[in-house]
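Peer 1: Shown below is the structure under consideration.
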Amino acid sequence: MTFPPARRIALALAATLVPLSALADTVTVVTSFPKELTTAYKKAFEARYPGDKLEILNKNTAAGIAYVREQPAGSRPEVFWASAPDAFEVLSSAKLLAKIGPGNPAIPAKVGNYPVNDPEGFYRGQALAGYGLMWNTRYLKANNVPEPKEWADLVKPVYFGHLAISSPSRSGTTHLTVETILQGEGWTKGWAQMLAITGNCAAITERSFGVPDGVSNGQFGIGLVIDFFGLAAKNSGMPVEFVYPSVTAIVPANIALVDGSKSPEGGKRFIEFTLSEEGQTLLLQKEISRLPVLPSIYAKAPAGYPNPFGGKIQAKVNFDSNLSESRYYVVLSMFDQMVTFRHKELVAATKAILDAEKRLGGKPSPALEEARKLVLTPVVDEKQAADKQLLALFKAKKTDAEASKAKAKVEEEWATKVKANYAKAVELANGAK
Amino acid sequence: MTRTSPAVAAVALAIAAFLVAFLIVPVAAVVVTAFADGQGGFTLAHFAAFAQISLMRESFANSLYVAGLTVAFATLIAVPLAYLTVRFQFRGAILIQTLGVLPLVMPAFVGASAMQLLFGRSGSVNLILKDAFGITLPLMEGLNGVIFVETLHYFPFILLNLSAALANIDSSMEESAQNLGSSGWRLFSRIVFPLALPGYVAGASLVFIKVFDDLGTPLVLNVTNMLAPQAYLRVTSIGIEDPIGYVICVILVVFSIAAMAGSWWFVKRRDYAVVSRGGAMAPRRRLTPWQGVLAYGWIAAVLFLVLSPHLGILLLSFSKVWSFTVLPEQFTLAHYATVFEDSTRMIWNTFLYCGLAALFDVIIGTAIAYIVLRTALPGRHLLDHLVTVALAMPGVVLGIGYLRTFRGIELPFGGGALTASWLIFVLAYAVRRLPYALRSCMAALQQVHPSLEEAAENLGANRWRTIRRVVVPLMAGGILAGFVTSFITAAVEISETILLTSRESLAPMSYGIYLYMQSIAGRGPGAALGVIAVVLVAVGTYLSHRFVAANAPQNPTGGKP
């Protein structure tokens, strides 16, 4: 879109200002990673290539995508560097990424069943991430809550009100956790577990960072987090612990060269640097604590450092990224309709059921059973979830008015059903004898 | 006093052109999505889809509820603070006025996380309560938490505007009432408060709209069932092309304009202008000892509450580890060292961008207020309404609109792209903060009686000279309030800032605070930068109060603390 009047005014305004001198050639990196990590890379990279200057632009993933998208070709940043694989999918389908050749040959093609690099060559895995449980030791002690080992532990009544998770539609990492559970346990059982866990949650946080932050400062007892959040907090002296449960997925955090940037050569240099021996070793620094993709680096790691290449973490789930992608929007929307937007009602229903269990002391009760079923059954069953029409509806272009109306209708049906189910569950549980 | 000259019309046109170029066009470039059917046609289907969704209706009701209650609580805090400090001999009045503005200085997400540390589930207060009585208070849970945080964050809007209005009341009214035997509550509720109503309504309507549109606080507290968070969530997670997100934006804008128009109509029904200014003859009354105890007690309690987020941030900035304890257990100065090493540039940038933006705002705000209230220019209210659009636009929408509209525009003399220069921050801040400055300027001008201008003109002054020598000096308090509000709120703006930052060397402080606060290894440096921001703005506000007090021409006694 062009708006000549706006431009003319802008130009006129600009003309009255002191000219701003252009900077020398720099490599600009758009990233969502914390400052500890980016500062370490900036220092090391500039020491290695004294002619280059690294400019870090820290934006959350959504803002980062918007920023890259709205820049004209020729003045885009050089490198995009973030966790969530779907962000790279969005960029590559918008033709905003440039192909980069195969990287360091010492880096294996796959970790478990998951390819480390983009099969089409648009982005590369730069570090690995697993998902796990992080808890505040003081909190658990003060509240007499046992330490968890597995996702399945978290459905127990003793954890009611002590957990936190972020919404998968807000955090790519949580989406992977949810999808891992769904693939590991199966659709119906996976959702039942997810709903029981979220019913025990004190909060569904808006940002993925809200979970480790809240656990670190003691607002929450236990959080579901990506490993480096837990490890870095622990390594910097917070009273927290972290474990990988046996059902987990290891997936890469990625780096990509943006198409239409000012100095692609500089961008490539930086990407190669992050994948080199030197760049990968930086990941072991204690306030970074990420898992390198270069297996040889683990030899330098401190004792007890998790090693996904045949070491301490075993990823039991063979993560199927095609399946994940095909139902991506349906899973996000279901989670939001059943959990995020109805969390108050979900917690109330969970509490009513827990109270009834206590009251009945293990006595079987059909009403209570029914209440449980109402809360723990996903609003879409496995067969519907694989329905091509439904999947297509959620994948349709956002600007398609008809599709968006139809989608809103489906979501509304879910919302109404979920709300009624939770209310009914409270009623049944309270009346259970 | 309602005439129209070509010069006025030219100024009005220039302002309108500015608003169209830097507000309407960028916003339209994005919001057009709400009406597009995907084939380049126009449709209202997205609005129909919106109306179908019960979640949206519930969010709307929640937003209204939170905004309404926030205004009520903010009034309880702000009105006594303003009345006591402006109308009574009160030790440290300027200090209190300054401290009262501090909550605005802190970005919502920082303030809310600081309050979590103090009042949250395992915050200091609840840890003490649990230890002593075995109970905890859900102060920060759900909508309660939003109301609590928003009240403490936004009540300064009422305080600032009401204080300026109170200072402008003709004290002869009060004296007449006192001579007739009125005092205490009756004097306040029947005479003083009604006369200061334009200031109060300006502040209260700002609080209402601000809370109605606020994103940061509900998001930090993980409350999503409100309208603005829904818009934001949809735009950022479903995608920038999601029409429902923009439908919500359009609804927010329409509602904000309606609220503004409503408050404007309410004030308009009566005449609040007074001929003489208050300062001259309004002797500050003395408090009886009993009243003094009550007043100081109340103010101390309120200030303690108001300053608690700052206390939290201060503690955090010195703490090494603070987890599940009432107070941090180890203290350090290292965070300040980090900040001074890395981020002095950001502090300077904030002053440059926000100072220029606020200056711009009060100039345009004064001009618009004058055109709307003192001329008969056809369509002059349109300017007012145009500005209001900025109030309801989420920063991320305006930010994307800027990137989209101005991409490819090069600054002359090799200045590089406009979107990659610091100028873009000044423009974005100025446009987005203009409504605050405008409200203050309007309220200030409403209290200046046109007869003063007529007198000046009868004595031979032309219109420009009258504005310069009579109108603007009489509005000084309101203009300053507008400048301070614009400056402070721009200094803590984050959503646009993240989007528009193209080089770290150009980034302002709010970006730095955001950056540090994302660090899992500890948010100490972010807190330290927050403390520095608070101190710098507090000093600035204090000095500007002193400046106004010292320069108030007919007010030799008032003001000194």
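In the structure tokens, chains take the letters A, B, ... in the order shown, each chain's residues start at 1, and ligands count up from 1 in the order shown.
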Compile a residue-level contact table for chain B against chain A at a cut-off of 7 Å, reporting for every qualifying residue the shortest atom pair and its distance in Å to one decimal, with only C-alpha atoms counted, rows ordered by chain and ascending number, as JSON lines.
Peer 2:
```
{"residue": "B:Ala21", "atom": "CA", "partner": "A:Ala6", "partner_atom": "CA", "distance": 4.4}
{"residue": "B:Ala36", "atom": "CA", "partner": "A:Thr399", "partner_atom": "CA", "distance": 6.9}
{"residue": "B:Asp37", "atom": "CA", "partner": "A:Ala401", "partner_atom": "CA", "distance": 4.9}
{"residue": "B:Gly38", "atom": "CA", "partner": "A:Thr399", "partner_atom": "CA", "distance": 4.8}
{"residue": "B:Ala45", "atom": "CA", "partner": "A:Ala401", "partner_atom": "CA", "distance": 6.2}
{"residue": "B:His46", "atom": "CA", "partner": "A:Ala401", "partner_atom": "CA", "distance": 6.4}
{"residue": "B:Ala49", "atom": "CA", "partner": "A:Lys405", "partner_atom": "CA", "distance": 5.1}
{"residue": "B:Ile53", "atom": "CA", "partner": "A:Glu412", "partner_atom": "CA", "distance": 5.6}
{"residue": "B:Ser54", "atom": "CA", "partner": "A:Glu412", "partner_atom": "CA", "distance": 6.9}
{"residue": "B:Gly120", "atom": "CA", "partner": "A:Gln219", "partner_atom": "CA", "distance": 6.8}
{"residue": "B:Arg121", "atom": "CA", "partner": "A:Gln219", "partner_atom": "CA", "distance": 5.6}
{"residue": "B:Ser122", "atom": "CA", "partner": "A:Gln219", "partner_atom": "CA", "distance": 5.0}
{"residue": "B:Leu219", "atom": "CA", "partner": "A:Glu206", "partner_atom": "CA", "distance": 5.9}
{"residue": "B:Val220", "atom": "CA", "partner": "A:Glu206", "partner_atom": "CA", "distance": 6.9}
{"residue": "B:Asn222", "atom": "CA", "partner": "A:Thr205", "partner_atom": "CA", "distance": 5.1}
{"residue": "B:Thr224", "atom": "CA", "partner": "A:Phe341", "partner_atom": "CA", "distance": 6.5}
{"residue": "B:Asn225", "atom": "CA", "partner": "A:Phe341", "partner_atom": "CA", "distance": 6.3}
{"residue": "B:Thr236", "atom": "CA", "partner": "A:Ala62", "partner_atom": "CA", "distance": 5.8}
{"residue": "B:Ser237", "atom": "CA", "partner": "A:Ser169", "partner_atom": "CA", "distance": 6.0}
{"residue": "B:Glu241", "atom": "CA", "partner": "A:Lys398", "partner_atom": "CA", "distance": 5.9}
{"residue": "B:Asp242", "atom": "CA", "partner": "A:Lys398", "partner_atom": "CA", "distance": 5.2}
{"residue": "B:Pro243", "atom": "CA", "partner": "A:Thr399", "partner_atom": "CA", "distance": 6.5}
{"residue": "B:Val321", "atom": "CA", "partner": "A:Met238", "partner_atom": "CA", "distance": 6.3}
{"residue": "B:Trp322", "atom": "CA", "partner": "A:Asn217", "partner_atom": "CA", "distance": 6.2}
{"residue": "B:Ser323", "atom": "CA", "partner": "A:Asn217", "partner_atom": "CA", "distance": 4.1}
{"residue": "B:Phe324", "atom": "CA", "partner": "A:Gly218", "partner_atom": "CA", "distance": 4.7}
{"residue": "B:Leu403", "atom": "CA", "partner": "A:Glu70", "partner_atom": "CA", "distance": 5.8}
{"residue": "B:Arg404", "atom": "CA", "partner": "A:Glu70", "partner_atom": "CA", "distance": 5.7}
{"residue": "B:Thr405", "atom": "CA", "partner": "A:Thr2", "partner_atom": "CA", "distance": 6.9}
{"residue": "B:Phe406", "atom": "CA", "partner": "A:Arg7", "partner_atom": "CA", "distance": 6.9}
{"residue": "B:Arg407", "atom": "CA", "partner": "A:Pro72", "partner_atom": "CA", "distance": 6.4}
{"residue": "B:Gly408", "atom": "CA", "partner": "A:Pro72", "partner_atom": "CA", "distance": 6.6}
{"residue": "B:Ile409", "atom": "CA", "partner": "A:Arg7", "partner_atom": "CA", "distance": 6.9}
{"residue": "B:Leu411", "atom": "CA", "partner": "A:Ala14", "partner_atom": "CA", "distance": 5.8}
{"residue": "B:Pro412", "atom": "CA", "partner": "A:Ala15", "partner_atom": "CA", "distance": 5.9}
{"residue": "B:Phe413", "atom": "CA", "partner": "A:Pro19", "partner_atom": "CA", "distance": 5.5}
{"residue": "B:Gly414", "atom": "CA", "partner": "A:Ser21", "partner_atom": "CA", "distance": 6.6}
{"residue": "B:Gly415", "atom": "CA", "partner": "A:Leu20", "partner_atom": "CA", "distance": 4.4}
{"residue": "B:Gly416", "atom": "CA", "partner": "A:Ala22", "partner_atom": "CA", "distance": 6.3}
{"residue": "B:Ile498", "atom": "CA", "partner": "A:Lys59", "partner_atom": "CA", "distance": 6.0}
{"residue": "B:Leu499", "atom": "CA", "partner": "A:Ala63", "partner_atom": "CA", "distance": 5.9}
{"residue": "B:Ser502", "atom": "CA", "partner": "A:Leu57", "partner_atom": "CA", "distance": 6.8}
{"residue": "B:Arg503", "atom": "CA", "partner": "A:Leu57", "partner_atom": "CA", "distance": 6.4}
{"residue": "B:Glu504", "atom": "CA", "partner": "A:Leu57", "partner_atom": "CA", "distance": 6.3}
{"residue": "B:Leu515", "atom": "CA", "partner": "A:Lys35", "partner_atom": "CA", "distance": 6.7}
{"residue": "B:Tyr516", "atom": "CA", "partner": "A:Lys35", "partner_atom": "CA", "distance": 6.8}
{"residue": "B:Gln518", "atom": "CA", "partner": "A:Pro34", "partner_atom": "CA", "distance": 6.1}
{"residue": "B:Ser519", "atom": "CA", "partner": "A:Pro34", "partner_atom": "CA", "distance": 5.5}
{"residue": "B:Ile520", "atom": "CA", "partner": "A:Ala233", "partner_atom": "CA", "distance": 5.7}
{"residue": "B:Ala521", "atom": "CA", "partner": "A:Ala233", "partner_atom": "CA", "distance": 5.3}
```
Peer 1: Please save C-alpha atoms of the selected residues as a compact mmCIF listing (two decimals), in the first residue's frame.
Peer 2:
```
# COMPACT_ATOMS: atom_id res chain seq x y z
CA ALA B 21 -0.53 10.84 8.14
CA ALA B 36 -11.89 -7.25 4.24
CA ASP B 37 -13.44 -10.45 2.89
CA GLY B 38 -10.23 -11.88 1.48
CA ALA B 45 -19.14 -10.82 8.35
CA HIS B 46 -16.32 -10.58 10.87
CA ALA B 49 -18.69 -13.71 13.80
CA ILE B 53 -18.76 -15.70 20.36
CA SER B 54 -19.89 -15.86 23.98
CA GLY B 120 1.04 -12.52 45.33
CA ARG B 121 0.37 -16.11 46.37
CA SER B 122 3.78 -16.45 47.97
CA LEU B 219 -1.50 -10.29 30.65
CA VAL B 220 1.09 -10.24 33.40
CA ASN B 222 -2.61 -14.11 33.32
CA THR B 224 -7.31 -13.38 29.39
CA ASN B 225 -11.09 -12.96 29.64
CA THR B 236 -0.16 -12.06 18.04
CA SER B 237 -0.94 -15.76 18.24
CA GLU B 241 -4.13 -11.09 9.59
CA ASP B 242 -6.77 -12.33 12.03
CA PRO B 243 -9.87 -10.20 11.43
CA VAL B 321 18.25 -14.40 45.45
CA TRP B 322 14.66 -13.68 46.41
CA SER B 323 12.55 -16.77 46.46
CA PHE B 324 9.77 -17.73 48.84
CA LEU B 403 6.44 -0.26 9.64
CA ARG B 404 3.96 -0.95 6.85
CA THR B 405 3.16 2.65 5.90
CA PHE B 406 6.58 4.20 6.13
CA ARG B 407 8.75 1.45 4.82
CA GLY B 408 10.99 2.58 2.05
CA ILE B 409 10.86 6.23 3.08
CA LEU B 411 15.45 10.48 5.31
CA PRO B 412 17.26 13.18 3.35
CA PHE B 413 21.04 13.79 3.62
CA GLY B 414 21.80 10.09 3.88
CA GLY B 415 19.85 9.69 7.09
CA GLY B 416 18.79 6.19 6.23
CA ILE B 498 9.75 -3.74 20.91
CA LEU B 499 8.40 -3.64 17.39
CA SER B 502 15.80 -1.60 14.82
CA ARG B 503 19.14 -1.19 16.61
CA GLU B 504 19.98 -1.66 20.24
CA LEU B 515 15.18 -7.26 28.02
CA TYR B 516 16.65 -7.67 31.48
CA GLN B 518 13.32 -11.79 30.55
CA SER B 519 16.44 -13.18 32.11
CA ILE B 520 15.99 -16.34 34.11
CA ALA B 521 19.29 -15.89 35.87
```
Peer 1: Excluding Glu277 of chain A and any residue of its chain fewer than 5 positions from it, enumerate the residues within 9 Å of it, using only C-alpha atoms, and give them as a VMD selection string.
Peer 2: chain A and resid 282 294 296 to 297
Peer 1: Please list as a VMD selection string every residue within 9 Å of Ala16 of chain B, counting only C-alpha atoms and excluding residues in the same chain fewer than 3 positions away.
Peer 2: chain B and resid 11 to 13 19 to 21 382 to 383 386
Peer 1: Could you give me, as an MDAnalysis selection string, each residue of segment 305-431 of chain A that DSSP assigns to helix (DSSP H, G or I) when run on this structure's backbone?
Peer 2: chainID A and resid 321:326 328:340 343:360 366:376 382:385 388:395 401:431
Peer 1: Write out as a PyMOL selection string which residues come within 7 Å of segment 153-163 of chain A when counting only C-alpha atoms, dropping same-chain ones fewer than 5 positions away.
Peer 2: chain A and resi 145+148+193+196-197+200-202+220-223+354
Peer 1: Excluding Ala420 of chain A and any residue of its chain fewer than 3 positions from it, enumerate the residues within 12 Å of it, using only C-alpha atoms, and give them as a count of residues only.
Peer 2: 19
